[in-house]
>>> print(open('upload_29.csv').read())   # CSV, C-alpha atoms
chain,number,residue,atom,x,y,z
A,1,MET,CA,-28.6,24.6,-54.3
A,2,ILE,CA,-27.8,21.0,-54.7
A,3,PHE,CA,-28.1,20.2,-50.9
A,4,ALA,CA,-31.3,22.1,-50.4
A,5,HIS,CA,-33.5,19.0,-50.4
A,6,ILE,CA,-31.2,16.8,-48.4
A,7,THR,CA,-32.8,15.8,-45.1
A,8,HIS,CA,-30.9,15.6,-41.8
A,9,ASP,CA,-31.0,11.8,-41.9
A,10,GLN,CA,-29.6,11.7,-45.5
A,11,LEU,CA,-26.8,14.1,-44.5
A,12,ALA,CA,-25.9,12.0,-41.5
A,13,ARG,CA,-25.8,8.8,-43.6
A,14,ALA,CA,-23.6,10.5,-46.2
A,15,GLU,CA,-21.2,11.7,-43.6
A,16,SER,CA,-21.1,8.3,-41.9
A,17,ALA,CA,-20.5,6.6,-45.3
A,18,ILE,CA,-17.6,8.9,-46.1
A,19,ALA,CA,-16.1,8.4,-42.6
A,20,LEU,CA,-16.4,4.6,-42.8
A,21,ALA,CA,-15.0,4.5,-46.4
A,22,ALA,CA,-12.0,6.6,-45.3
A,23,LEU,CA,-11.5,4.3,-42.3
A,24,GLY,CA,-11.6,1.3,-44.5
A,25,ILE,CA,-9.1,2.7,-47.0
A,26,VAL,CA,-6.7,3.5,-44.1
A,27,GLN,CA,-7.1,-0.1,-42.9
A,28,LEU,CA,-6.4,-1.4,-46.4
A,29,ARG,CA,-3.4,0.8,-47.0
A,30,SER,CA,-1.7,0.0,-43.7
A,31,PRO,CA,-3.2,-3.1,-42.2
A,32,GLY,CA,-2.9,-3.2,-38.4
A,33,CYS,CA,-2.5,0.6,-38.2
A,34,PHE,CA,-4.9,0.7,-35.2
A,35,GLU,CA,-3.4,-2.1,-33.2
A,36,SER,CA,0.3,-2.4,-34.3
A,37,ILE,CA,2.5,-3.5,-31.5
A,38,ARG,CA,5.1,-0.8,-32.2
A,39,MET,CA,2.5,1.9,-31.6
A,40,TYR,CA,2.1,0.8,-28.0
A,41,PHE,CA,5.8,1.5,-27.3
A,42,ARG,CA,6.2,5.0,-28.7
A,43,GLY,CA,7.2,6.4,-25.3
A,44,ALA,CA,9.0,3.3,-24.0
A,45,TRP,CA,12.4,4.0,-25.4
A,46,ALA,CA,13.3,7.0,-23.2
A,47,GLY,CA,15.5,6.0,-20.3
A,48,LEU,CA,16.5,2.6,-21.8
A,49,SER,CA,20.1,1.7,-22.3
A,50,ASN,CA,21.3,0.7,-25.8
A,51,GLU,CA,21.3,-2.9,-24.7
A,52,GLN,CA,17.7,-2.7,-23.3
A,53,SER,CA,16.5,-0.9,-26.4
A,54,ASP,CA,17.9,-3.7,-28.6
A,55,ARG,CA,16.3,-6.3,-26.5
A,56,LEU,CA,12.9,-4.5,-26.6
A,57,LYS,CA,13.2,-3.9,-30.3
A,58,SER,CA,13.9,-7.6,-31.1
A,59,VAL,CA,11.1,-8.8,-28.9
A,60,ILE,CA,8.6,-6.4,-30.5
A,61,GLU,CA,9.8,-7.5,-34.0
A,62,ALA,CA,9.5,-11.2,-33.1
A,63,ARG,CA,6.0,-10.7,-31.7
A,64,THR,CA,4.9,-8.7,-34.8
A,65,ARG,CA,6.2,-11.4,-37.1
A,66,ALA,CA,4.5,-14.1,-35.0
A,67,GLU,CA,1.2,-12.3,-35.1
A,68,GLY,CA,1.4,-11.9,-38.8
A,69,ALA,CA,1.5,-8.2,-39.3
A,70,GLY,CA,-0.5,-7.1,-42.3
A,71,GLY,CA,-2.5,-10.3,-42.0
A,72,SER,CA,-5.5,-10.8,-44.3
A,73,ALA,CA,-8.0,-10.4,-41.5
A,74,ARG,CA,-7.1,-6.8,-41.1
A,75,ALA,CA,-7.4,-6.2,-44.8
A,76,TYR,CA,-10.8,-7.9,-44.8
A,77,ALA,CA,-11.8,-5.7,-41.9
A,78,GLY,CA,-10.9,-2.7,-44.2
A,79,LEU,CA,-13.0,-4.0,-47.1
A,80,PHE,CA,-15.9,-4.8,-44.7
A,81,THR,CA,-15.7,-1.2,-43.3
A,82,ILE,CA,-16.0,0.3,-46.8
A,83,ALA,CA,-19.0,-2.1,-47.6
A,84,MET,CA,-20.6,-1.0,-44.3
A,85,GLY,CA,-20.2,2.6,-45.3
A,86,LEU,CA,-22.1,2.0,-48.5
A,87,LEU,CA,-24.8,-0.1,-46.7
A,88,GLY,CA,-25.3,2.8,-44.4
A,89,LEU,CA,-26.7,4.9,-47.3
A,90,TRP,CA,-29.7,2.5,-47.5
A,91,PRO,CA,-32.5,4.3,-45.5
A,92,ALA,CA,-34.0,1.0,-44.2
A,93,ILE,CA,-30.8,0.3,-42.2
A,94,PRO,CA,-30.5,2.0,-38.8
A,95,TYR,CA,-27.7,4.4,-39.3
A,96,VAL,CA,-25.6,3.2,-36.3
A,97,MET,CA,-25.6,-0.4,-37.5
A,98,PRO,CA,-22.9,-0.1,-40.1
A,99,TYR,CA,-20.6,1.7,-37.7
A,100,ALA,CA,-21.2,-0.9,-35.0
A,101,ALA,CA,-20.5,-3.7,-37.5
A,102,SER,CA,-17.3,-2.0,-38.5
A,103,CYS,CA,-16.1,-1.9,-34.9
A,104,LEU,CA,-16.9,-5.6,-34.6
A,105,ALA,CA,-14.8,-6.3,-37.7
A,106,MET,CA,-11.8,-4.4,-36.3
A,107,ALA,CA,-12.2,-6.3,-33.0
A,108,TYR,CA,-12.4,-9.6,-34.8
A,109,ALA,CA,-9.1,-8.8,-36.7
A,110,THR,CA,-7.4,-8.1,-33.4
A,111,TRP,CA,-8.7,-11.4,-32.0
A,112,ILE,CA,-7.4,-13.3,-35.1
A,113,ALA,CA,-3.9,-11.8,-34.5
A,114,TYR,CA,-4.0,-13.1,-30.9
A,115,ARG,CA,-5.1,-16.6,-32.0
A,116,ARG,CA,-2.3,-16.7,-34.6
A,117,PHE,CA,0.2,-15.7,-32.0
A,118,ARG,CA,-0.9,-18.4,-29.5
A,119,HIS,CA,0.0,-21.0,-32.1
A,120,ALA,CA,3.4,-19.4,-33.0
A,121,THR,CA,5.4,-21.7,-30.8
A,122,GLU,CA,5.4,-25.2,-29.3
A,123,LEU,CA,7.7,-24.5,-26.4
A,124,ARG,CA,6.2,-21.9,-24.2
A,125,PHE,CA,7.4,-20.1,-21.2
A,126,ALA,CA,5.1,-19.1,-18.4
A,127,PRO,CA,5.7,-16.4,-15.8
A,128,LEU,CA,5.2,-17.5,-12.2
A,129,THR,CA,3.2,-14.4,-11.5
A,130,ARG,CA,-0.5,-14.3,-10.9
A,131,ARG,CA,-2.5,-12.1,-13.3
A,132,THR,CA,-6.0,-10.7,-12.9
A,133,PRO,CA,-8.2,-9.4,-15.7
A,134,LEU,CA,-8.3,-6.1,-13.8
A,135,GLU,CA,-4.7,-5.5,-14.7
A,136,ALA,CA,-5.8,-5.2,-18.4
A,137,LEU,CA,-9.3,-3.9,-17.7
A,138,PRO,CA,-9.0,-1.4,-14.9
A,139,PRO,CA,-12.2,-0.5,-12.9
A,140,VAL,CA,-12.6,2.9,-14.8
A,141,THR,CA,-13.2,1.0,-18.0
A,142,ILE,CA,-15.9,-1.1,-16.4
A,143,VAL,CA,-17.6,2.0,-15.0
A,144,SER,CA,-17.4,3.6,-18.5
A,145,VAL,CA,-19.1,0.5,-20.0
A,146,ALA,CA,-21.8,0.7,-17.4
A,147,LEU,CA,-22.4,4.4,-18.2
A,148,CYS,CA,-22.6,3.7,-22.0
A,149,LEU,CA,-25.0,0.8,-21.4
A,150,ILE,CA,-27.3,2.9,-19.1
A,151,GLY,CA,-27.3,5.8,-21.6
A,152,THR,CA,-28.1,3.6,-24.5
A,153,ALA,CA,-30.9,1.9,-22.6
A,154,ALA,CA,-32.4,5.3,-21.8
A,155,PHE,CA,-32.5,6.2,-25.5
A,156,ALA,CA,-34.2,2.9,-26.1
A,157,SER,CA,-37.3,4.3,-24.3
A,158,VAL,CA,-37.9,6.4,-27.5
A,159,PRO,CA,-39.8,4.0,-29.9
A,160,GLN,CA,-38.0,5.2,-33.1
A,161,PHE,CA,-34.6,4.3,-31.6
A,162,ARG,CA,-35.4,0.9,-30.1
A,163,VAL,CA,-34.0,-1.2,-32.9
A,164,ALA,CA,-30.8,0.8,-33.2
A,165,ALA,CA,-30.3,0.8,-29.4
A,166,ALA,CA,-30.7,-3.0,-29.4
A,167,LEU,CA,-28.1,-3.3,-32.2
A,168,VAL,CA,-25.7,-1.1,-30.3
A,169,VAL,CA,-26.1,-3.1,-27.2
A,170,VAL,CA,-25.5,-6.4,-29.0
A,171,SER,CA,-22.4,-5.0,-30.7
A,172,MET,CA,-21.2,-3.7,-27.4
A,173,ILE,CA,-21.6,-7.1,-25.7
A,174,VAL,CA,-19.7,-8.9,-28.5
A,175,LEU,CA,-16.9,-6.3,-28.4
A,176,LEU,CA,-16.7,-6.6,-24.6
A,177,ALA,CA,-16.6,-10.4,-24.8
A,178,ILE,CA,-13.6,-10.1,-27.2
A,179,ALA,CA,-11.9,-7.6,-24.9
A,180,TRP,CA,-12.4,-10.0,-21.9
A,181,ARG,CA,-11.0,-12.9,-23.9
A,182,ILE,CA,-7.9,-10.8,-24.6
A,183,ALA,CA,-7.6,-9.6,-21.0
A,184,THR,CA,-7.7,-13.2,-19.8
A,185,ALA,CA,-5.7,-14.8,-22.7
A,186,PRO,CA,-2.6,-16.7,-22.0
A,187,ALA,CA,0.7,-14.9,-21.9
A,188,VAL,CA,2.6,-16.4,-24.8
A,189,LEU,CA,6.3,-16.1,-24.2
A,190,LEU,CA,8.7,-17.5,-26.9
A,191,GLY,CA,11.5,-17.9,-24.4
A,192,THR,CA,14.2,-15.9,-26.2
A,193,ASP,CA,14.0,-13.1,-23.6
A,194,PRO,CA,11.2,-14.0,-21.2
A,195,GLN,CA,11.5,-10.9,-19.0
A,196,VAL,CA,11.1,-8.4,-21.9
A,197,GLU,CA,8.6,-10.6,-23.6
A,198,TYR,CA,6.4,-10.6,-20.5
A,199,ALA,CA,6.7,-6.8,-20.2
A,200,VAL,CA,5.7,-6.5,-23.8
A,201,ASP,CA,2.8,-8.9,-23.4
A,202,LYS,CA,1.5,-7.0,-20.4
A,203,ARG,CA,1.4,-3.7,-22.3
A,204,VAL,CA,0.0,-5.1,-25.5
A,205,ARG,CA,-2.7,-6.9,-23.5
A,206,PHE,CA,-3.6,-3.7,-21.7
A,207,CYS,CA,-3.6,-1.5,-24.8
A,208,ARG,CA,-5.7,-4.0,-26.8
A,209,ALA,CA,-8.2,-4.8,-24.1
A,210,THR,CA,-8.8,-1.2,-23.2
A,211,GLY,CA,-8.7,-0.2,-26.9
A,212,LEU,CA,-11.5,-2.7,-27.5
A,213,VAL,CA,-13.5,-1.3,-24.6
A,214,THR,CA,-13.1,2.1,-26.2
A,215,LEU,CA,-14.3,0.6,-29.5
A,216,ALA,CA,-17.3,-0.9,-27.6
A,217,CYS,CA,-18.2,2.5,-26.2
A,218,ALA,CA,-17.9,4.2,-29.6
A,219,PRO,CA,-21.2,3.0,-31.2
A,220,PRO,CA,-23.3,4.0,-28.1
A,221,THR,CA,-21.7,7.4,-28.2
A,222,VAL,CA,-22.4,7.9,-31.9
A,223,PHE,CA,-25.9,6.5,-31.4
A,224,ALA,CA,-26.7,8.7,-28.5
A,225,MET,CA,-25.4,11.9,-30.2
A,226,LEU,CA,-27.3,11.2,-33.4
A,227,ALA,CA,-30.4,10.3,-31.6
A,228,TRP,CA,-30.2,13.4,-29.4
A,229,ALA,CA,-29.7,15.5,-32.6
A,230,GLN,CA,-32.8,13.9,-34.3
A,231,LEU,CA,-35.2,14.5,-31.4
A,232,PRO,CA,-37.3,17.7,-31.8
A,233,SER,CA,-37.2,18.2,-28.0
A,234,VAL,CA,-35.0,16.4,-25.5
A,235,SER,CA,-35.9,15.8,-21.8
A,236,GLY,CA,-33.4,16.7,-19.2
A,237,LEU,CA,-33.0,13.0,-18.4
A,238,LEU,CA,-31.9,12.2,-22.0
A,239,GLU,CA,-29.5,15.0,-22.0
A,240,LEU,CA,-28.0,13.7,-18.8
A,241,MET,CA,-27.8,10.2,-20.4
A,242,LEU,CA,-26.0,11.7,-23.4
A,243,LEU,CA,-23.5,13.3,-21.0
A,244,LEU,CA,-23.0,10.0,-19.2
A,245,VAL,CA,-22.3,8.1,-22.5
A,246,ILE,CA,-19.8,10.8,-23.7
A,247,THR,CA,-18.1,10.8,-20.3
A,248,GLY,CA,-17.8,7.0,-20.4
A,249,PHE,CA,-16.3,7.1,-23.9
A,250,VAL,CA,-13.9,9.9,-23.1
A,251,ALA,CA,-12.8,8.2,-19.9
A,252,THR,CA,-12.0,4.9,-21.5
A,253,THR,CA,-10.3,6.6,-24.5
A,254,VAL,CA,-8.0,8.4,-22.1
A,255,VAL,CA,-7.2,5.2,-20.2
A,256,SER,CA,-6.5,3.2,-23.4
A,257,LEU,CA,-4.2,5.9,-24.7
A,258,ASN,CA,-2.4,6.6,-21.5
A,259,PRO,CA,0.4,3.9,-21.7
A,260,LEU,CA,1.4,4.9,-25.2
A,261,ARG,CA,3.8,7.6,-24.0
A,262,GLN,CA,4.9,5.9,-20.8
A,263,GLY,CA,8.3,4.3,-20.3
A,264,ILE,CA,8.8,0.7,-19.6
A,265,ALA,CA,10.8,-0.8,-16.7
A,266,LEU,CA,13.3,-3.5,-17.8
A,267,ALA,CA,16.0,-5.1,-15.6
B,268,MET,CA,13.0,-10.6,-6.4
B,269,SER,CA,13.5,-11.5,-10.0
B,270,ALA,CA,10.6,-13.0,-11.9
B,271,SER,CA,10.7,-16.7,-12.5
B,272,TYR,CA,9.5,-18.5,-15.6
B,273,LEU,CA,8.5,-22.1,-16.2
B,274,VAL,CA,9.0,-24.1,-19.4
B,275,VAL,CA,7.6,-27.6,-20.1
B,276,ASP,CA,9.5,-29.7,-22.6
B,277,GLU,CA,7.0,-32.2,-24.0
B,278,SER,CA,9.8,-34.2,-25.5
B,279,SER,CA,11.5,-34.8,-22.2
B,280,GLU,CA,11.3,-38.2,-20.4
B,281,THR,CA,10.4,-36.4,-17.2
B,282,PRO,CA,6.6,-36.0,-17.0
B,283,PRO,CA,5.3,-32.4,-17.4
B,284,TYR,CA,3.8,-32.3,-13.9
B,285,ARG,CA,7.2,-33.2,-12.4
B,286,GLN,CA,9.0,-30.6,-14.6
B,287,ILE,CA,6.6,-28.0,-13.2
B,288,ALA,CA,7.1,-29.1,-9.6
B,289,GLU,CA,10.8,-29.2,-9.9
B,290,GLN,CA,11.0,-25.7,-11.4
B,291,ILE,CA,8.7,-24.2,-8.8
B,292,ARG,CA,10.8,-25.9,-6.0
B,293,ALA,CA,14.0,-24.5,-7.5
B,294,ALA,CA,12.5,-21.0,-7.7
B,295,ILE,CA,11.5,-21.3,-4.0
B,296,GLU,CA,15.0,-22.5,-3.1
B,297,ARG,CA,16.6,-19.6,-5.1
B,298,ARG,CA,14.3,-17.3,-3.2
B,299,ASP,CA,12.8,-16.1,-6.5
B,300,LEU,CA,9.5,-17.1,-5.0
B,301,MET,CA,9.3,-15.8,-1.4
B,302,PRO,CA,7.0,-17.3,1.3
B,303,ASN,CA,3.3,-16.3,1.0
B,304,VAL,CA,3.7,-15.3,-2.7
B,305,THR,CA,0.5,-16.3,-4.6
B,306,LEU,CA,1.1,-18.5,-7.5
B,307,PRO,CA,-0.8,-18.3,-10.8
B,308,THR,CA,-4.1,-20.1,-10.9
B,309,VAL,CA,-4.1,-23.6,-12.4
B,310,ARG,CA,-6.0,-22.3,-15.4
B,311,GLN,CA,-3.6,-19.4,-16.0
B,312,LEU,CA,-0.5,-21.5,-15.8
B,313,ALA,CA,-1.9,-24.3,-17.9
B,314,GLY,CA,-3.0,-21.7,-20.5
B,315,ASP,CA,0.4,-20.0,-20.6
B,316,LEU,CA,2.2,-23.3,-21.0
B,317,GLY,CA,-0.3,-24.7,-23.4
B,318,ILE,CA,-0.9,-27.8,-21.4
B,319,ALA,CA,-3.9,-29.5,-19.7
B,320,PRO,CA,-5.0,-27.9,-16.4
B,321,ASN,CA,-4.9,-31.4,-14.8
B,322,THR,CA,-1.2,-31.4,-15.2
B,323,VAL,CA,-0.7,-28.2,-13.3
B,324,ALA,CA,-3.2,-29.2,-10.7
B,325,ARG,CA,-1.2,-32.5,-10.1
B,326,ALA,CA,2.0,-30.5,-9.7
B,327,TYR,CA,0.4,-28.1,-7.2
B,328,THR,CA,-1.2,-31.0,-5.3
B,329,GLU,CA,2.1,-32.9,-5.1
B,330,MET,CA,3.9,-29.8,-3.8
B,331,GLN,CA,1.1,-29.1,-1.3
B,332,ASN,CA,1.5,-32.7,0.0
B,333,GLU,CA,5.2,-32.1,0.4
B,334,GLY,CA,4.7,-28.9,2.3
B,335,TRP,CA,6.1,-26.5,-0.4
B,336,LEU,CA,2.8,-24.9,-1.2
B,337,VAL,CA,-0.5,-24.1,0.6
B,338,GLY,CA,-3.8,-24.3,-1.2
B,339,GLU,CA,-6.4,-21.8,-0.1
B,340,GLY,CA,-9.4,-22.7,-2.2
B,341,ARG,CA,-10.7,-19.8,-4.3
B,342,ARG,CA,-8.0,-17.5,-3.0
B,343,GLY,CA,-5.4,-19.6,-4.9
B,344,THR,CA,-2.2,-21.4,-4.0
B,345,ARG,CA,0.7,-19.7,-2.2
B,346,VAL,CA,4.2,-20.6,-1.2
B,347,ALA,CA,4.3,-22.1,2.2
B,348,GLU,CA,5.8,-20.0,5.1
B,349,ASN,CA,7.9,-22.9,6.2
B,350,ALA,CA,8.8,-24.6,2.9
B,351,PRO,CA,11.0,-27.6,3.5
B,352,LEU,CA,14.1,-25.9,2.0
B,353,ALA,CA,17.0,-28.3,1.5
B,354,SER,CA,20.2,-27.9,3.4
B,355,GLY,CA,23.4,-27.5,1.5
B,356,ARG,CA,24.2,-31.2,1.8
B,357,GLU,CA,20.8,-32.2,0.6
B,358,ARG,CA,21.0,-29.8,-2.4
B,359,ALA,CA,24.3,-31.3,-3.4
B,360,ARG,CA,22.9,-34.8,-3.1
B,361,GLY,CA,19.9,-33.8,-5.1
B,362,LEU,CA,22.1,-32.3,-7.8
B,363,ARG,CA,24.3,-35.5,-7.9
B,364,GLU,CA,21.2,-37.7,-8.2
B,365,ALA,CA,19.7,-35.5,-11.0
B,366,VAL,CA,22.9,-35.5,-12.9
B,367,ALA,CA,23.4,-39.3,-12.4
B,368,GLY,CA,19.8,-39.9,-13.7
B,369,PHE,CA,20.4,-37.7,-16.7
B,370,VAL,CA,23.7,-39.2,-17.6
B,371,GLU,CA,22.2,-42.7,-17.2
B,372,GLY,CA,19.5,-41.8,-19.7
B,373,LEU,CA,22.1,-40.5,-22.2
B,374,ARG,CA,24.2,-43.7,-21.8
B,375,ASN,CA,21.1,-45.8,-22.5
B,376,ARG,CA,20.8,-43.8,-25.7
B,377,GLY,CA,24.3,-44.8,-26.7
B,378,PHE,CA,26.4,-41.7,-25.9
B,379,THR,CA,29.9,-42.2,-24.5
B,380,ALA,CA,31.2,-40.6,-21.3
B,381,GLN,CA,33.5,-38.5,-23.5
B,382,GLU,CA,30.7,-37.2,-25.6
B,383,ILE,CA,28.5,-36.4,-22.6
B,384,SER,CA,31.4,-34.6,-20.9
B,385,ARG,CA,32.2,-32.6,-24.0
B,386,ALA,CA,28.5,-31.6,-24.4
B,387,PHE,CA,28.3,-30.6,-20.7
B,388,GLN,CA,31.4,-28.4,-21.0
B,389,GLN,CA,30.1,-26.8,-24.2
B,390,THR,CA,26.7,-26.1,-22.6
B,391,LEU,CA,28.2,-24.6,-19.4
>>> encode(input="upload_29.csv", output="structure tokens")
Amino acid sequence: MIFAHITHDQLARAESAIALAALGIVQLRSPGCFESIRMYFRGAWAGLSNEQSDRLKSVIEARTRAEGAGGSARAYAGLFTIAMGLLGLWPAIPYVMPYAASCLAMAYATWIAYRRFRHATELRFAPLTRRTPLEALPPVTIVSVALCLIGTAAFASVPQFRVAAALVVVSMIVLLAIAWRIATAPAVLLGTDPQVEYAVDKRVRFCRATGLVTLACAPPTVFAMLAWAQLPSVSGLLELMLLLVITGFVATTVVSLNPLRQGIALA
Amino acid sequence: MSASYLVVDESSETPPYRQIAEQIRAAIERRDLMPNVTLPTVRQLAGDLGIAPNTVARAYTEMQNEGWLVGEGRRGTRVAENAPLASGRERARGLREAVAGFVEGLRNRGFTAQEISRAFQQTL
């Protein structure tokens, strides 16, 4: 048997490398596949008149062009993800680090798209409506983050997982900072159809901010599950912490995916 | 209530803070902005328009001094309950003055009355 001498750690690393390489290839083949604007409006077309559908379509196309769909940052994120998969095979590297770094690269590519869009126009329209960050990051996402942080901190009490836990927390904080920047970023309206542009901006902002929070909760979940699997015996407290982390991840995933099939109200 | 949008034209002769104040005033007069509606924060509006926060703050302060807006510290700025809405006659006078000032500016730039009139008709 070829696999007879493979340890649990080696198997986990190999699986992780294959998963990251596949993720990187998908990103390279179709850049922006995880945060393309069209994806956020899959369910938005039902109930719209032909005229409204045309308006929505042209606004989405204009914004996609302005953000630079298929930009190099997303392709670089794909390459980086593949490189991280290979790096993960090295035993000296905590196995969760490459995955956390890949999540950071994806978040960075999203942020670059936002920055590019902010400079897409000189003449900008502003809605006379007050926004709060909670519109893009609802309380359930904040609770989810807290659950993941608490769970990760609990696993840090086991000496062998301390470095990995620290890396996970750092990646989480960076991802959350980017999510916060997107939640509070200016609404850039090109002025061709401000009402539809603002509706599009609100949904894109929500989906991207909550998507990044989900991405921030992913490394703690992977970390906690692998750590739990590696321990010979697990206390009831750590099992509870694992449950908390998974609950947080699932909750924020559901919230981030929720608007994808929802309609959109246009005047 | 329909949503209102502001735009600042940096190439205009009217200073940006005055453009903002005039557009907010017009939105209140059109009843797009109802009394007690909370306006965007200075930072949010400045970010959305891509201008300095001081410019928005100046517009808000001016409108507060004129009684259009009420500043409530950290709770933000809202439309005043008794905003000094112009009567029909005052609105007409305001429009005449604005058009006269605009036409004056165009004449100073060398446009004839015929050209200005044609451009107005085409635009409208």
>>> interface_residues(input="upload_29.csv", of="chain A", to="chain B", cutoff="6 Å", atoms="all atoms listed in the file", output="list in words")
Arg124, Phe125, Ala126, Pro127, Leu128, Thr129, Arg130, Pro186, Ala187 and Val188 of chain A
>>> atom_distance(input="upload_29.csv", atom1="CA of Ser58 in chain A", atom2="CA of Ala75 in chain A")
25.4 Å
>>> atom_distance(input="upload_29.csv", atom1="CA of Met172 in chain A", atom2="CA of His119 in chain A")
27.8 Å
>>> atom_distance(input="upload_29.csv", atom1="CA of Ile182 in chain A", atom2="CA of Pro138 in chain A")
13.6 Å
>>> closest_residue(input="upload_29.csv", among="A:Ile18, A:Leu189, A:Ala12, A:Leu48", to="Ala227 in chain A", atoms="all atoms listed in the file")
A:Ala12
>>> residues_near_point(input="upload_29.csv", point="(-24.5, 2.2, -24.8)", cutoff="6 Å", atoms="all atoms listed in the file", output="PyMOL selection string")
chain A and resi 148-149+151-152+220
>>> residues_near_point(input="upload_29.csv", point="(-25.3, 10.9, -49.7)", cutoff="12 Å", atoms="all atoms listed in the file", output="NGL selection string")
:A and (2-3 or 5-19 or 85-91)
>>> write_last_selection(input="upload_29.csv", atoms="C-alpha atoms", output="PDB file, in the frame of the given file")
ATOM      1  CA  ILE A   2     -27.800  21.000 -54.700  1.00  0.00           C
ATOM      2  CA  PHE A   3     -28.100  20.200 -50.900  1.00  0.00           C
ATOM      3  CA  HIS A   5     -33.500  19.000 -50.400  1.00  0.00           C
ATOM      4  CA  ILE A   6     -31.200  16.800 -48.400  1.00  0.00           C
ATOM      5  CA  THR A   7     -32.800  15.800 -45.100  1.00  0.00           C
ATOM      6  CA  HIS A   8     -30.900  15.600 -41.800  1.00  0.00           C
ATOM      7  CA  ASP A   9     -31.000  11.800 -41.900  1.00  0.00           C
ATOM      8  CA  GLN A  10     -29.600  11.700 -45.500  1.00  0.00           C
ATOM      9  CA  LEU A  11     -26.800  14.100 -44.500  1.00  0.00           C
ATOM     10  CA  ALA A  12     -25.900  12.000 -41.500  1.00  0.00           C
ATOM     11  CA  ARG A  13     -25.800   8.800 -43.600  1.00  0.00           C
ATOM     12  CA  ALA A  14     -23.600  10.500 -46.200  1.00  0.00           C
ATOM     13  CA  GLU A  15     -21.200  11.700 -43.600  1.00  0.00           C
ATOM     14  CA  SER A  16     -21.100   8.300 -41.900  1.00  0.00           C
ATOM     15  CA  ALA A  17     -20.500   6.600 -45.300  1.00  0.00           C
ATOM     16  CA  ILE A  18     -17.600   8.900 -46.100  1.00  0.00           C
ATOM     17  CA  ALA A  19     -16.100   8.400 -42.600  1.00  0.00           C
ATOM     18  CA  GLY A  85     -20.200   2.600 -45.300  1.00  0.00           C
ATOM     19  CA  LEU A  86     -22.100   2.000 -48.500  1.00  0.00           C
ATOM     20  CA  LEU A  87     -24.800  -0.100 -46.700  1.00  0.00           C
ATOM     21  CA  GLY A  88     -25.300   2.800 -44.400  1.00  0.00           C
ATOM     22  CA  LEU A  89     -26.700   4.900 -47.300  1.00  0.00           C
ATOM     23  CA  TRP A  90     -29.700   2.500 -47.500  1.00  0.00           C
ATOM     24  CA  PRO A  91     -32.500   4.300 -45.500  1.00  0.00           C
TER      25      PRO A  91
END
>>> residues_around(input="upload_29.csv", residues="Val366 in chain B", least_positions_apart="6", cutoff="12 Å", atoms="only C-alpha atoms", output="list in words")
Ala359, Arg360, Gly372, Leu373, Ile383, Ser384 and Phe387 of chain B
>>> write_last_selection(input="upload_29.csv", atoms="C-alpha atoms", output="CSV table (one decimal), in the frame of the given file")
chain,number,residue,atom,x,y,z
B,359,ALA,CA,24.3,-31.3,-3.4
B,360,ARG,CA,22.9,-34.8,-3.1
B,372,GLY,CA,19.5,-41.8,-19.7
B,373,LEU,CA,22.1,-40.5,-22.2
B,383,ILE,CA,28.5,-36.4,-22.6
B,384,SER,CA,31.4,-34.6,-20.9
B,387,PHE,CA,28.3,-30.6,-20.7
>>> closest_residue(input="upload_29.csv", among="B:Glu339, B:Glu364, B:Arg358, B:Gln331", to="Arg297 in chain B", atoms="all atoms listed in the file")
B:Arg358
>>> axis_aligned_box(input="upload_29.csv", around="range 325-343 of chain B", padding_each_side="3 Å", output="JSON")
{"center_x": -2.3, "center_y": -25.2, "center_z": -3.9, "size_x": 22.8, "size_y": 21.4, "size_z": 18.4}
>>> residues_around(input="upload_29.csv", residues="Ile264 in chain A", least_positions_apart="6", cutoff="9 Å", atoms="all atoms listed in the file", output="list in words")
Phe41, Gly43, Ala44, Trp45, Ala46, Gly47, Leu48, Ala199 and Val200 of chain A
>>> residues_around(input="upload_29.csv", residues="Val245 in chain A", least_positions_apart="3", cutoff="12 Å", atoms="all atoms listed in the file", output="CSV table (one decimal) with C-alpha atoms, in the frame of the given file")
chain,number,residue,atom,x,y,z
A,143,VAL,CA,-17.6,2.0,-15.0
A,144,SER,CA,-17.4,3.6,-18.5
A,145,VAL,CA,-19.1,0.5,-20.0
A,146,ALA,CA,-21.8,0.7,-17.4
A,147,LEU,CA,-22.4,4.4,-18.2
A,148,CYS,CA,-22.6,3.7,-22.0
A,149,LEU,CA,-25.0,0.8,-21.4
A,150,ILE,CA,-27.3,2.9,-19.1
A,151,GLY,CA,-27.3,5.8,-21.6
A,152,THR,CA,-28.1,3.6,-24.5
A,153,ALA,CA,-30.9,1.9,-22.6
A,154,ALA,CA,-32.4,5.3,-21.8
A,155,PHE,CA,-32.5,6.2,-25.5
A,214,THR,CA,-13.1,2.1,-26.2
A,216,ALA,CA,-17.3,-0.9,-27.6
A,217,CYS,CA,-18.2,2.5,-26.2
A,218,ALA,CA,-17.9,4.2,-29.6
A,219,PRO,CA,-21.2,3.0,-31.2
A,220,PRO,CA,-23.3,4.0,-28.1
A,221,THR,CA,-21.7,7.4,-28.2
A,222,VAL,CA,-22.4,7.9,-31.9
A,223,PHE,CA,-25.9,6.5,-31.4
A,224,ALA,CA,-26.7,8.7,-28.5
A,225,MET,CA,-25.4,11.9,-30.2
A,228,TRP,CA,-30.2,13.4,-29.4
A,238,LEU,CA,-31.9,12.2,-22.0
A,239,GLU,CA,-29.5,15.0,-22.0
A,240,LEU,CA,-28.0,13.7,-18.8
A,241,MET,CA,-27.8,10.2,-20.4
A,242,LEU,CA,-26.0,11.7,-23.4
A,248,GLY,CA,-17.8,7.0,-20.4
A,249,PHE,CA,-16.3,7.1,-23.9
A,250,VAL,CA,-13.9,9.9,-23.1
A,251,ALA,CA,-12.8,8.2,-19.9
A,252,THR,CA,-12.0,4.9,-21.5
